[in-house]
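Coordinates from input26.cif are shown below (mmCIF, C-alpha atoms).
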```
data_final
#
loop_
_atom_site.label_atom_id
_atom_site.label_comp_id
_atom_site.auth_asym_id
_atom_site.auth_seq_id
_atom_site.Cartn_x
_atom_site.Cartn_y
_atom_site.Cartn_z
CA MET A 74 -50.02 34.09 40.75
CA LYS A 75 -48.68 37.60 40.14
CA GLU A 76 -51.78 39.24 41.54
CA LYS A 77 -51.70 36.99 44.56
CA ILE A 78 -48.06 37.86 45.34
CA LEU A 79 -48.65 41.59 44.98
CA GLU A 80 -51.84 41.49 46.99
CA LYS A 81 -50.29 39.55 49.86
CA LEU A 82 -47.14 41.68 49.94
CA ASN A 83 -49.11 44.93 49.86
CA LEU A 84 -51.27 43.68 52.68
CA ASN A 85 -48.40 42.62 54.92
CA PHE A 86 -45.70 45.15 54.01
CA LYS A 87 -47.11 48.59 53.48
CA ASN A 88 -45.02 50.80 51.19
CA ALA A 89 -42.20 48.27 51.11
CA ILE A 90 -42.63 47.67 47.37
CA ARG A 91 -41.26 50.64 45.51
CA GLU A 92 -41.60 49.45 41.96
CA VAL A 93 -43.20 46.60 40.05
CA GLN A 94 -41.79 45.52 36.72
CA GLU A 95 -42.99 42.86 34.40
CA PHE A 96 -40.97 41.75 31.45
CA ARG A 97 -41.84 38.73 29.31
CA GLY A 98 -43.91 37.20 32.05
CA GLU A 99 -41.23 37.62 34.71
CA LEU A 100 -42.10 39.63 37.76
CA THR A 101 -39.49 41.89 39.35
CA LEU A 102 -40.10 43.85 42.52
CA LEU A 103 -37.94 46.67 43.79
CA VAL A 104 -38.30 46.62 47.56
CA LYS A 105 -37.01 48.57 50.53
CA LYS A 106 -33.73 47.21 51.79
CA GLU A 107 -34.83 47.36 55.44
CA GLU A 108 -37.65 44.94 54.75
CA ILE A 109 -35.85 42.44 52.57
CA VAL A 110 -35.37 39.74 55.21
CA ASN A 111 -38.96 39.94 56.38
CA ILE A 112 -40.28 39.84 52.83
CA CYS A 113 -38.09 36.84 52.03
CA ARG A 114 -39.20 35.00 55.12
CA PHE A 115 -42.82 35.78 54.35
CA LEU A 116 -42.49 34.57 50.76
CA ARG A 117 -40.92 31.37 51.94
CA ASP A 118 -43.35 30.60 54.75
CA ASP A 119 -46.63 31.63 53.17
CA SER A 120 -48.69 28.50 52.62
CA GLU A 121 -49.79 29.54 49.13
CA LEU A 122 -46.68 31.21 47.72
CA LYS A 123 -44.02 28.85 49.07
CA PHE A 124 -40.89 30.37 47.51
CA ASP A 125 -38.78 27.57 48.89
CA PHE A 126 -35.87 27.76 46.46
CA LEU A 127 -33.34 30.58 46.32
CA ARG A 128 -31.82 30.30 42.87
CA ASP A 129 -29.19 32.98 43.12
CA ILE A 130 -28.19 36.26 44.68
CA CYS A 131 -26.29 38.65 42.44
CA GLY A 132 -24.74 42.03 42.89
CA VAL A 133 -24.97 44.82 40.34
CA ASP A 134 -22.82 47.90 40.03
CA SER A 135 -24.78 50.53 38.13
CA TYR A 136 -21.91 53.01 38.58
CA GLN A 137 -23.92 56.10 39.33
CA PRO A 138 -23.82 58.38 42.36
CA GLY A 139 -26.20 57.61 45.19
CA ASP A 140 -27.77 54.20 44.84
CA ARG A 141 -24.84 52.65 43.15
CA PHE A 142 -25.23 48.99 44.03
CA GLU A 143 -28.09 46.59 43.61
CA VAL A 144 -28.65 43.16 45.04
CA VAL A 145 -30.90 40.84 43.07
CA TYR A 146 -32.60 37.85 44.69
CA ASN A 147 -33.86 35.23 42.26
CA LEU A 148 -36.51 33.09 43.88
CA TYR A 149 -38.39 30.07 42.64
CA SER A 150 -41.40 28.29 43.99
CA LEU A 151 -41.10 24.59 43.31
CA VAL A 152 -44.75 24.04 44.19
CA ASN A 153 -46.20 26.79 42.02
CA LYS A 154 -43.46 26.66 39.37
CA PHE A 155 -43.19 30.43 39.53
CA ARG A 156 -40.16 32.68 39.40
CA LEU A 157 -39.84 35.96 41.25
CA ARG A 158 -37.06 38.50 41.33
CA LEU A 159 -36.51 40.90 44.20
CA LYS A 160 -34.21 43.89 43.93
CA ILE A 161 -32.83 46.30 46.48
CA HIS A 162 -30.75 49.43 46.02
CA LEU A 163 -27.73 50.13 48.18
CA ASP A 164 -25.89 53.37 48.77
CA GLU A 165 -22.33 53.65 47.52
CA ASN A 166 -20.92 54.72 50.87
CA GLU A 167 -22.84 52.21 52.90
CA PRO A 168 -23.27 48.95 50.98
CA HIS A 169 -24.80 47.08 53.90
CA VAL A 170 -27.79 44.78 53.89
CA LYS A 171 -29.02 42.08 56.26
CA THR A 172 -28.26 38.53 55.32
CA VAL A 173 -30.94 36.08 54.19
CA SER A 174 -28.76 33.07 54.91
CA ASP A 175 -30.95 32.20 57.88
CA VAL A 176 -33.98 32.15 55.55
CA TRP A 177 -32.38 30.00 52.87
CA PRO A 178 -29.04 28.36 53.77
CA ALA A 179 -28.19 28.49 50.04
CA ALA A 180 -27.69 32.23 50.44
CA ASN A 181 -24.44 31.61 52.29
CA PHE A 182 -22.22 31.09 49.24
CA ALA A 183 -24.19 33.45 47.00
CA GLU A 184 -23.74 36.29 49.45
CA ARG A 185 -20.09 35.51 49.81
CA GLU A 186 -19.78 35.82 46.04
CA ALA A 187 -21.51 39.19 46.01
CA TYR A 188 -19.23 40.32 48.82
CA ASP A 189 -16.15 39.06 47.00
CA MET A 190 -16.98 40.70 43.69
CA TYR A 191 -18.71 43.94 44.75
CA GLY A 192 -17.85 44.51 48.39
CA ILE A 193 -21.47 44.38 49.47
CA ILE A 194 -21.53 43.56 53.18
CA PHE A 195 -24.23 41.22 54.41
CA ASP A 196 -24.74 41.95 58.08
CA GLY A 197 -25.25 38.89 60.23
CA HIS A 198 -23.73 36.49 57.70
CA PRO A 199 -22.17 33.54 59.56
CA ASP A 200 -19.00 33.37 57.46
CA LEU A 201 -18.47 36.40 55.25
CA ARG A 202 -15.14 35.65 53.58
CA ARG A 203 -13.92 35.88 50.01
CA ILE A 204 -14.96 32.89 47.97
CA TYR A 205 -13.16 33.19 44.60
CA MET A 206 -10.32 35.62 45.08
CA PRO A 207 -7.43 34.96 47.48
CA GLU A 208 -8.07 36.03 51.07
CA GLU A 209 -5.43 38.74 51.00
CA PHE A 210 -6.81 40.42 47.85
CA GLU A 211 -7.81 43.99 48.61
CA TYR A 212 -10.10 44.99 45.75
CA TYR A 213 -13.54 44.15 44.43
CA PRO A 214 -13.00 43.05 40.85
CA LEU A 215 -16.48 43.33 39.37
CA ARG A 216 -16.89 46.96 40.36
CA LYS A 217 -16.91 49.15 37.30
CA ASP A 218 -13.94 51.22 38.46
CA PHE A 219 -11.72 48.13 38.70
CA PRO A 220 -9.40 47.89 35.67
CA LEU A 221 -9.94 44.86 33.44
CA MET A 222 -6.35 43.65 33.72
CA GLY A 223 -6.32 44.16 37.46
CA ILE A 224 -3.93 46.09 39.61
CA PRO A 225 -0.31 45.01 39.07
CA GLY A 226 1.14 43.24 42.06
CA SER A 227 -2.18 42.71 43.79
CA LEU A 228 -2.21 38.97 43.01
CA SER A 229 0.89 36.94 43.76
CA LEU A 230 2.59 34.50 41.42
CA PRO A 231 4.92 31.73 42.60
CA ARG A 232 8.62 32.40 42.24
CA LYS A 233 10.05 31.07 38.99
CA MET B 20 38.35 -15.69 10.01
CA GLY B 21 39.92 -14.77 13.32
CA LEU B 22 36.70 -13.42 14.79
CA ILE B 23 35.31 -15.08 17.87
CA LYS B 24 31.89 -16.45 17.35
CA LEU B 25 29.59 -15.12 20.01
CA ARG B 26 26.83 -17.23 21.40
CA ASP B 27 24.30 -14.45 22.07
CA PRO B 28 23.62 -11.42 19.93
CA PHE B 29 24.52 -8.15 21.64
CA LEU B 30 24.76 -4.44 20.93
CA THR B 31 27.07 -1.66 21.96
CA THR B 32 25.93 1.88 22.79
CA LYS B 33 26.60 4.88 24.98
CA LEU B 34 24.98 4.82 28.39
CA ASP B 35 23.47 8.28 27.84
CA ALA B 36 21.90 7.18 24.60
CA ILE B 37 20.25 4.14 26.06
CA ILE B 38 19.00 6.04 29.10
CA GLY B 39 17.58 8.71 26.80
CA TRP B 40 15.96 6.08 24.65
CA ALA B 41 14.35 4.46 27.66
CA ARG B 42 13.30 7.78 29.09
CA LYS B 43 11.67 9.06 25.94
CA ASN B 44 9.62 5.92 25.54
CA SER B 45 8.31 5.93 29.07
CA LEU B 46 7.27 9.51 29.74
CA TRP B 47 4.71 9.35 32.50
CA PRO B 48 2.42 12.34 32.29
CA MET B 49 1.01 14.23 35.22
CA PRO B 50 -2.43 15.29 33.97
CA MET B 51 -2.80 18.86 35.17
CA GLY B 52 -6.29 19.05 33.69
CA ILE B 53 -7.65 22.36 34.90
CA SER B 54 -10.36 23.04 32.34
CA CYS B 55 -11.75 22.10 28.94
CA CYS B 56 -8.42 21.15 27.31
CA ALA B 57 -8.42 18.25 29.75
CA ILE B 58 -11.19 16.62 27.72
CA GLU B 59 -8.93 16.54 24.67
CA MET B 60 -6.11 15.29 26.87
CA MET B 61 -8.36 12.44 27.99
CA SER B 62 -9.24 11.53 24.43
CA VAL B 63 -5.54 11.24 23.70
CA THR B 64 -5.47 8.29 26.07
CA ASP B 65 -8.40 6.63 24.34
CA PRO B 66 -7.99 3.90 21.72
CA LYS B 67 -8.52 6.23 18.74
CA TYR B 68 -5.50 8.42 19.40
CA ASP B 69 -3.80 6.10 21.86
CA ILE B 70 -0.92 7.80 23.60
CA ALA B 71 0.19 4.29 24.62
CA ARG B 72 1.86 4.01 21.22
CA PHE B 73 4.41 6.48 22.57
CA GLY B 74 4.79 4.79 25.94
CA SER B 75 2.94 7.52 27.82
CA GLU B 76 -0.29 5.83 28.71
CA VAL B 77 0.44 5.76 32.43
CA PHE B 78 -1.24 8.93 33.57
CA ARG B 79 -0.14 9.29 37.17
CA PHE B 80 -2.14 11.42 39.53
CA SER B 81 0.82 11.59 41.83
CA PRO B 82 3.52 14.07 40.84
CA ARG B 83 6.13 11.88 42.53
CA GLN B 84 5.75 9.24 39.83
CA SER B 85 5.60 11.43 36.75
CA ASP B 86 8.11 13.28 34.64
CA LEU B 87 5.94 15.19 32.17
CA MET B 88 3.35 17.72 33.25
CA ILE B 89 0.63 18.44 30.71
CA VAL B 90 -0.93 21.70 31.86
CA ALA B 91 -4.30 21.60 30.14
CA GLY B 92 -6.46 24.57 30.91
CA THR B 93 -6.83 28.09 32.18
CA VAL B 94 -4.46 28.81 35.04
CA THR B 95 -5.71 31.49 37.40
CA TYR B 96 -3.49 33.31 39.84
CA LYS B 97 -5.03 31.33 42.66
CA MET B 98 -4.34 28.04 40.87
CA SER B 99 -0.81 29.03 39.85
CA HIS B 100 0.49 28.27 43.33
CA VAL B 101 -0.95 24.77 43.13
CA VAL B 102 0.54 24.17 39.67
CA ARG B 103 3.93 25.34 40.90
CA LYS B 104 3.76 23.15 43.99
CA ILE B 105 2.93 20.08 41.90
CA TYR B 106 5.72 20.94 39.49
CA ASP B 107 8.14 21.22 42.41
CA GLN B 108 7.07 17.82 43.70
CA MET B 109 7.93 16.07 40.44
CA PRO B 110 11.33 14.35 40.34
CA ASP B 111 13.95 15.62 37.91
CA PRO B 112 14.30 15.51 34.96
CA LYS B 113 10.83 16.88 34.26
CA TRP B 114 9.21 18.38 31.21
CA VAL B 115 6.22 20.64 30.77
CA ILE B 116 3.74 20.88 27.91
CA ALA B 117 1.62 24.03 27.87
CA MET B 118 -1.48 22.74 26.16
CA GLY B 119 -3.84 25.21 24.52
CA ALA B 120 -4.18 28.94 24.18
CA CYS B 121 -5.11 29.74 27.80
CA THR B 122 -2.16 27.91 29.25
CA SER B 123 0.32 29.33 26.76
CA THR B 124 -0.78 32.97 26.74
CA GLY B 125 -3.95 33.42 28.77
CA GLY B 126 -5.92 32.94 25.58
CA MET B 127 -9.25 34.64 25.41
CA TYR B 128 -9.14 35.32 29.15
CA ARG B 129 -7.39 38.66 29.06
CA VAL B 130 -8.58 39.52 32.56
CA TYR B 131 -7.25 40.22 36.03
CA SER B 132 -7.68 36.69 37.35
CA VAL B 133 -5.90 34.63 34.69
CA VAL B 134 -2.12 34.24 34.41
CA GLN B 135 -1.13 35.40 30.93
CA GLY B 136 0.95 32.31 30.13
CA ILE B 137 2.28 29.72 32.55
CA ASP B 138 5.86 30.48 31.51
CA LEU B 139 5.59 33.37 33.95
CA PHE B 140 6.10 30.91 36.77
CA ILE B 141 7.30 27.55 35.43
CA PRO B 142 9.67 26.65 32.59
CA VAL B 143 7.82 25.33 29.55
CA ASP B 144 9.30 23.05 26.90
CA VAL B 145 6.54 22.76 24.34
CA TYR B 146 3.61 25.02 23.59
CA VAL B 147 0.69 23.38 21.81
CA ALA B 148 -1.59 25.77 19.94
CA GLY B 149 -5.32 25.41 19.62
CA CYS B 150 -8.44 26.12 21.59
CA PRO B 151 -8.54 23.29 22.45
CA PRO B 152 -5.71 21.63 20.49
CA ARG B 153 -6.61 18.55 18.56
CA PRO B 154 -5.40 15.30 20.12
CA GLU B 155 -3.00 14.88 17.21
CA ASN B 156 -1.46 18.19 18.14
CA LEU B 157 -0.85 17.09 21.69
CA LEU B 158 0.74 13.90 20.37
CA GLN B 159 2.96 16.03 18.16
CA GLY B 160 3.94 18.01 21.24
CA LEU B 161 4.79 14.81 23.03
CA MET B 162 6.88 13.67 20.08
CA ALA B 163 8.73 16.98 20.14
CA ILE B 164 9.63 16.35 23.76
CA GLN B 165 10.72 12.83 22.88
CA LYS B 166 13.04 14.25 20.25
CA LYS B 167 14.46 16.66 22.81
CA ILE B 168 15.15 13.81 25.20
CA GLU B 169 16.68 11.75 22.43
CA ARG B 170 19.07 14.59 21.65
CA GLY B 171 20.02 14.67 25.33
CA GLU B 172 18.70 18.17 25.96
CA LYS B 173 17.90 19.29 29.44
CA PRO B 174 14.36 20.32 30.26
CA GLY B 175 13.28 23.93 30.61
CA GLN B 176 15.77 25.33 28.15
CA LYS B 177 15.44 28.42 26.09
CA ASP B 178 14.63 26.97 22.69
CA LYS B 179 10.91 26.54 22.94
CA ILE B 180 8.93 24.41 20.54
CA PHE B 181 5.64 25.70 19.21
CA ILE B 182 3.24 23.14 17.78
CA GLN B 183 0.85 24.80 15.37
CA GLN B 184 -2.72 23.85 14.87
CA ASN B 185 -3.11 21.60 11.89
CA ILE B 186 -6.22 19.80 10.85
CA PRO B 187 -5.85 16.54 8.93
CA SER B 188 -6.74 17.05 5.27
CA ASP B 189 -9.49 14.43 5.16
CA GLU B 190 -11.33 16.03 8.09
CA ARG B 191 -10.99 19.45 6.54
CA LYS B 192 -12.80 18.11 3.49
CA ASP B 193 -15.59 16.75 5.68
CA SER B 194 -16.14 20.04 7.42
CA ARG B 195 -16.58 21.81 4.10
CA LYS B 196 -19.36 19.43 3.15
CA THR B 197 -21.48 20.11 6.21
#
```
Please go through the file and, once you have read it, give me the structure as structure tokens.
Amino acid sequence: MKEKILEKLNLNFKNAIREVQEFRGELTLLVKKEEIVNICRFLRDDSELKFDFLRDICGVDSYQPGDRFEVVYNLYSLVNKFRLRLKIHLDENEPHVKTVSDVWPAANFAEREAYDMYGIIFDGHPDLRRIYMPEEFEYYPLRKDFPLMGIPGSLSLPRK
Amino acid sequence: MGLIKLRDPFLTTKLDAIIGWARKNSLWPMPMGISCCAIEMMSVTDPKYDIARFGSEVFRFSPRQSDLMIVAGTVTYKMSHVVRKIYDQMPDPKWVIAMGACTSTGGMYRVYSVVQGIDLFIPVDVYVAGCPPRPENLLQGLMAIQKKIERGEKPGQKDKIFIQQNIPSDERKDSRKT
């Protein structure tokens, strides 16, 4: 299965795969962020691979200059019973990536979560709003430079 | 002997005392079950612990019909507005039990999103310790409120009651064995 995925992706997307990792039988691919939607659509539609289930999308803040943010796409193929992880790197000053919510509708909420927690902007998302924090909240709480106890006064309490 | 013989037995009392007595034996809880403490709160209603013995078996999911709010679970800042609104909708006199560590102090959630104790936005009468508290502990908290009502105290006053975690001695023995 792994060989088949790599072969097909290399054939269809030249130089889009920047790194291949394998850890305890789990395959992780670091791909170019420009190609992520096309790769996802290909993985879903290919008659052999059939990655029809998007398990989760997570954000990562590696807190280093340059490629500070990561977005991790956890895919699963119900037919082949195979898991695949795709990663992209995002620049600190421009955390933009195209949405995959038109590939898998399940991406809608997952991308909203990544936006809410890390401030990663998914271009073309139909409804990119905060999902956990209140709408008027101004920060991104899972970024590493956000203090653990929050910023005083940023979240309102009812009057006693 | 000069005393009139009465046909029916009767009893004299103060009106306040009898209202307090009735009130303490018919506390209708509003189950504000926000997280895991709610499971223990539910088991309090079950036959083993049986909150009905104290007249509080009528868990009302409408704040308009209840006079005791059991806040059972982690209250986030986003949820705090809901808790406050439900508290405001309850008719007076109303009492509040802060059940468990999260509700009383934020507990293990010392983070930006969790209110570090619900007494920051509503008056609390009884704090019940534990994570989660044992059902007996919640019953003890309820009894503490009953005593307050019996004494004619008003809700939300400064003298708070803290119910400590205590494990019945026979169960403590069992846990040592295993």
With a cut-off of 10 Å and counting only C-alpha atoms, select all residues of chain A in contact with chain B and give the selection as a PDB file with C-alpha atoms, in the frame of the given file.
```
ATOM      1  CA  TYR A 205     -13.160  33.190  44.600  1.00  0.00           C
ATOM      2  CA  MET A 206     -10.320  35.620  45.080  1.00  0.00           C
ATOM      3  CA  PRO A 207      -7.430  34.960  47.480  1.00  0.00           C
ATOM      4  CA  PRO A 214     -13.000  43.050  40.850  1.00  0.00           C
ATOM      5  CA  PHE A 219     -11.720  48.130  38.700  1.00  0.00           C
ATOM      6  CA  PRO A 220      -9.400  47.890  35.670  1.00  0.00           C
ATOM      7  CA  LEU A 221      -9.940  44.860  33.440  1.00  0.00           C
ATOM      8  CA  MET A 222      -6.350  43.650  33.720  1.00  0.00           C
ATOM      9  CA  GLY A 223      -6.320  44.160  37.460  1.00  0.00           C
ATOM     10  CA  ILE A 224      -3.930  46.090  39.610  1.00  0.00           C
ATOM     11  CA  PRO A 225      -0.310  45.010  39.070  1.00  0.00           C
ATOM     12  CA  SER A 227      -2.180  42.710  43.790  1.00  0.00           C
ATOM     13  CA  LEU A 228      -2.210  38.970  43.010  1.00  0.00           C
ATOM     14  CA  SER A 229       0.890  36.940  43.760  1.00  0.00           C
ATOM     15  CA  LEU A 230       2.590  34.500  41.420  1.00  0.00           C
ATOM     16  CA  PRO A 231       4.920  31.730  42.600  1.00  0.00           C
ATOM     17  CA  ARG A 232       8.620  32.400  42.240  1.00  0.00           C
ATOM     18  CA  LYS A 233      10.050  31.070  38.990  1.00  0.00           C
TER      19      LYS A 233
END
```
(Q) If we count only C-alpha atoms and set the cut-off at 12 Å, which residues sit around B:Asp69, ignoring sequence neighbours fewer than 3 positions away in its own chain? Please answer as a ChimeraX atom specification. (A) /B:59-66,72-77,154-155,157-158
Q. Counting all atoms listed in the file, what is within 9 Å of A:Phe195, bar same-chain residues fewer than 5 positions away, as a PyMOL selection string?
A. chain A and resi 168-173+184-185+188+201
Q) Given the file above and the PyMOL selection byres ((chain B and resi 50-56) around 10), which residues are selected, and can you give them as a PyMOL selection string? A) chain B and resi 47-49+57-61+78-82+85+87-95+98+102+105-106+116-122+149-154
Q. Evaluating the PyMOL selection byres ((chain A and resi 129-144) around 12) on the displayed file yields which residues, as a ChimeraX atom specification?
A. /A:102-106,109,126-128,145-149,156-174,177-195,213-219
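Remark: for B:Leu161, the closest of the candidate residues B:Gln108, B:Asn44, B:Gln184, B:Thr32 is B:Asn44 (distances computed over all atoms listed in the file).
Going from atom CA of A:Ile90 to atom CA of A:Arg114 covers 15.2 Å.
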Q: Select, from A:Leu84, A:Met74, A:Leu122, A:Ile112, the residue with the minimum atom-to-atom distance to A:Leu151, counting only C-alpha atoms.
A: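 The answer is A:Leu122, which sits nearest to A:Leu151.
Proximity to stretch 169-172 of chain B at 9 Å, evaluated using all atoms listed in the file and with sequence-adjacent residues fewer than 4 positions away removed, yields Asp35, Ala36, Gly39, Trp40, Arg42, Lys43, Ile164, Gln165 and Gln176 of chain B.
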Per-axis box centre and lengths in Å around stretch 143-153 of chain B, 6 Å margin per side, axis-aligned, as JSON:
```
{"center_x": 0.4, "center_y": 22.3, "center_z": 24.1, "size_x": 29.8, "size_y": 19.6, "size_z": 23.0}
```
Q. Interatomic distance between atom CA of B:Trp114 and atom CA of B:Met162?
A.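 Going from atom CA of B:Trp114 over to atom CA of B:Met162, I get 12.3 Å.
With atom CA of A:Phe155 on one side and atom CA of A:Arg97 on the other, the separation reads 13.2 Å.
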Q: Determine the nearest neighbour of B:Thr124 from the options B:Ile182, B:Val147, B:Pro110, B:Phe29, counting only C-alpha atoms.
A: B:Val147
Q: Any chance you could resolve the PyMOL selection byres ((chain A and resi 82) around 12) against this file and give the residues as a ChimeraX atom specification?
A: /A:75-81,83-91,93,102,104,108-109,111-116,119,122
Could you rebuild stretch 152-180 of chain A with N, CA and C atoms and give it back as an mmCIF file, keeping the file's coordinate frame?
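That gives us out.cif:
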```cif
data_model
loop_
_atom_site.group_PDB
_atom_site.id
_atom_site.type_symbol
_atom_site.label_atom_id
_atom_site.label_comp_id
_atom_site.auth_asym_id
_atom_site.auth_seq_id
_atom_site.Cartn_x
_atom_site.Cartn_y
_atom_site.Cartn_z
ATOM 1 N N VAL A 152 -43.363 24.500 44.174
ATOM 2 C CA VAL A 152 -44.750 24.040 44.190
ATOM 3 C C VAL A 152 -45.529 24.722 43.067
ATOM 4 N N ASN A 153 -45.412 26.039 43.005
ATOM 5 C CA ASN A 153 -46.200 26.790 42.020
ATOM 6 C C ASN A 153 -45.512 26.931 40.678
ATOM 7 N N LYS A 154 -44.262 26.493 40.587
ATOM 8 C CA LYS A 154 -43.460 26.660 39.370
ATOM 9 C C LYS A 154 -43.465 28.122 38.917
ATOM 10 N N PHE A 155 -43.153 28.995 39.839
ATOM 11 C CA PHE A 155 -43.190 30.430 39.530
ATOM 12 C C PHE A 155 -41.890 31.090 39.973
ATOM 13 N N ARG A 156 -41.416 31.974 39.102
ATOM 14 C CA ARG A 156 -40.160 32.680 39.400
ATOM 15 C C ARG A 156 -40.463 34.110 39.826
ATOM 16 N N LEU A 157 -39.666 34.587 40.767
ATOM 17 C CA LEU A 157 -39.840 35.960 41.250
ATOM 18 C C LEU A 157 -38.464 36.558 41.488
ATOM 19 N N ARG A 158 -38.351 37.829 41.137
ATOM 20 C CA ARG A 158 -37.060 38.500 41.330
ATOM 21 C C ARG A 158 -37.273 39.689 42.254
ATOM 22 N N LEU A 159 -36.460 39.753 43.288
ATOM 23 C CA LEU A 159 -36.510 40.900 44.200
ATOM 24 C C LEU A 159 -35.232 41.703 44.030
ATOM 25 N N LYS A 160 -35.390 43.035 44.060
ATOM 26 C CA LYS A 160 -34.210 43.890 43.930
ATOM 27 C C LYS A 160 -34.179 44.870 45.078
ATOM 28 N N ILE A 161 -32.963 45.189 45.534
ATOM 29 C CA ILE A 161 -32.830 46.300 46.480
ATOM 30 C C ILE A 161 -31.716 47.209 45.989
ATOM 31 N N HIS A 162 -31.802 48.470 46.340
ATOM 32 C CA HIS A 162 -30.750 49.430 46.020
ATOM 33 C C HIS A 162 -29.916 49.685 47.261
ATOM 34 N N LEU A 163 -28.623 49.850 47.057
ATOM 35 C CA LEU A 163 -27.730 50.130 48.180
ATOM 36 C C LEU A 163 -26.922 51.384 47.883
ATOM 37 N N ASP A 164 -26.660 52.148 48.915
ATOM 38 C CA ASP A 164 -25.890 53.370 48.770
ATOM 39 C C ASP A 164 -24.416 53.044 48.581
ATOM 40 N N GLU A 165 -23.735 53.904 47.812
ATOM 41 C CA GLU A 165 -22.330 53.650 47.520
ATOM 42 C C GLU A 165 -21.475 53.638 48.792
ATOM 43 N N ASN A 166 -21.769 54.588 49.692
ATOM 44 C CA ASN A 166 -20.920 54.720 50.870
ATOM 45 C C ASN A 166 -21.274 53.731 51.979
ATOM 46 N N GLU A 167 -22.419 53.120 51.841
ATOM 47 C CA GLU A 167 -22.840 52.210 52.900
ATOM 48 C C GLU A 167 -23.485 50.972 52.293
ATOM 49 N N PRO A 168 -22.674 50.131 51.648
ATOM 50 C CA PRO A 168 -23.270 48.950 50.980
ATOM 51 C C PRO A 168 -23.540 47.827 51.975
ATOM 52 N N HIS A 169 -24.468 48.073 52.880
ATOM 53 C CA HIS A 169 -24.800 47.080 53.900
ATOM 54 C C HIS A 169 -26.220 46.596 53.703
ATOM 55 N N VAL A 170 -26.423 45.313 53.897
ATOM 56 C CA VAL A 170 -27.790 44.780 53.890
ATOM 57 C C VAL A 170 -27.795 43.563 54.803
ATOM 58 N N LYS A 171 -28.947 43.250 55.372
ATOM 59 C CA LYS A 171 -29.020 42.080 56.260
ATOM 60 C C LYS A 171 -28.984 40.801 55.447
ATOM 61 N N THR A 172 -28.387 39.796 56.026
ATOM 62 C CA THR A 172 -28.260 38.530 55.320
ATOM 63 C C THR A 172 -29.598 37.784 55.270
ATOM 64 N N VAL A 173 -29.782 36.983 54.221
ATOM 65 C CA VAL A 173 -30.940 36.080 54.190
ATOM 66 C C VAL A 173 -30.484 34.632 54.346
ATOM 67 N N SER A 174 -29.264 34.445 54.812
ATOM 68 C CA SER A 174 -28.760 33.070 54.910
ATOM 69 C C SER A 174 -29.454 32.283 56.016
ATOM 70 N N ASP A 175 -30.162 32.976 56.921
ATOM 71 C CA ASP A 175 -30.950 32.200 57.880
ATOM 72 C C ASP A 175 -32.358 31.914 57.346
ATOM 73 N N VAL A 176 -32.716 32.509 56.203
ATOM 74 C CA VAL A 176 -33.980 32.150 55.550
ATOM 75 C C VAL A 176 -33.742 30.955 54.635
ATOM 76 N N TRP A 177 -32.796 31.124 53.717
ATOM 77 C CA TRP A 177 -32.380 30.000 52.870
ATOM 78 C C TRP A 177 -30.883 29.772 53.125
ATOM 79 N N PRO A 178 -30.478 28.605 53.573
ATOM 80 C CA PRO A 178 -29.040 28.360 53.770
ATOM 81 C C PRO A 178 -28.240 28.515 52.474
ATOM 82 N N ALA A 179 -28.890 28.361 51.322
ATOM 83 C CA ALA A 179 -28.190 28.490 50.040
ATOM 84 C C ALA A 179 -27.646 29.890 49.843
ATOM 85 N N ALA A 180 -28.156 30.857 50.606
ATOM 86 C CA ALA A 180 -27.690 32.230 50.440
ATOM 87 C C ALA A 180 -26.255 32.400 50.919
#
```
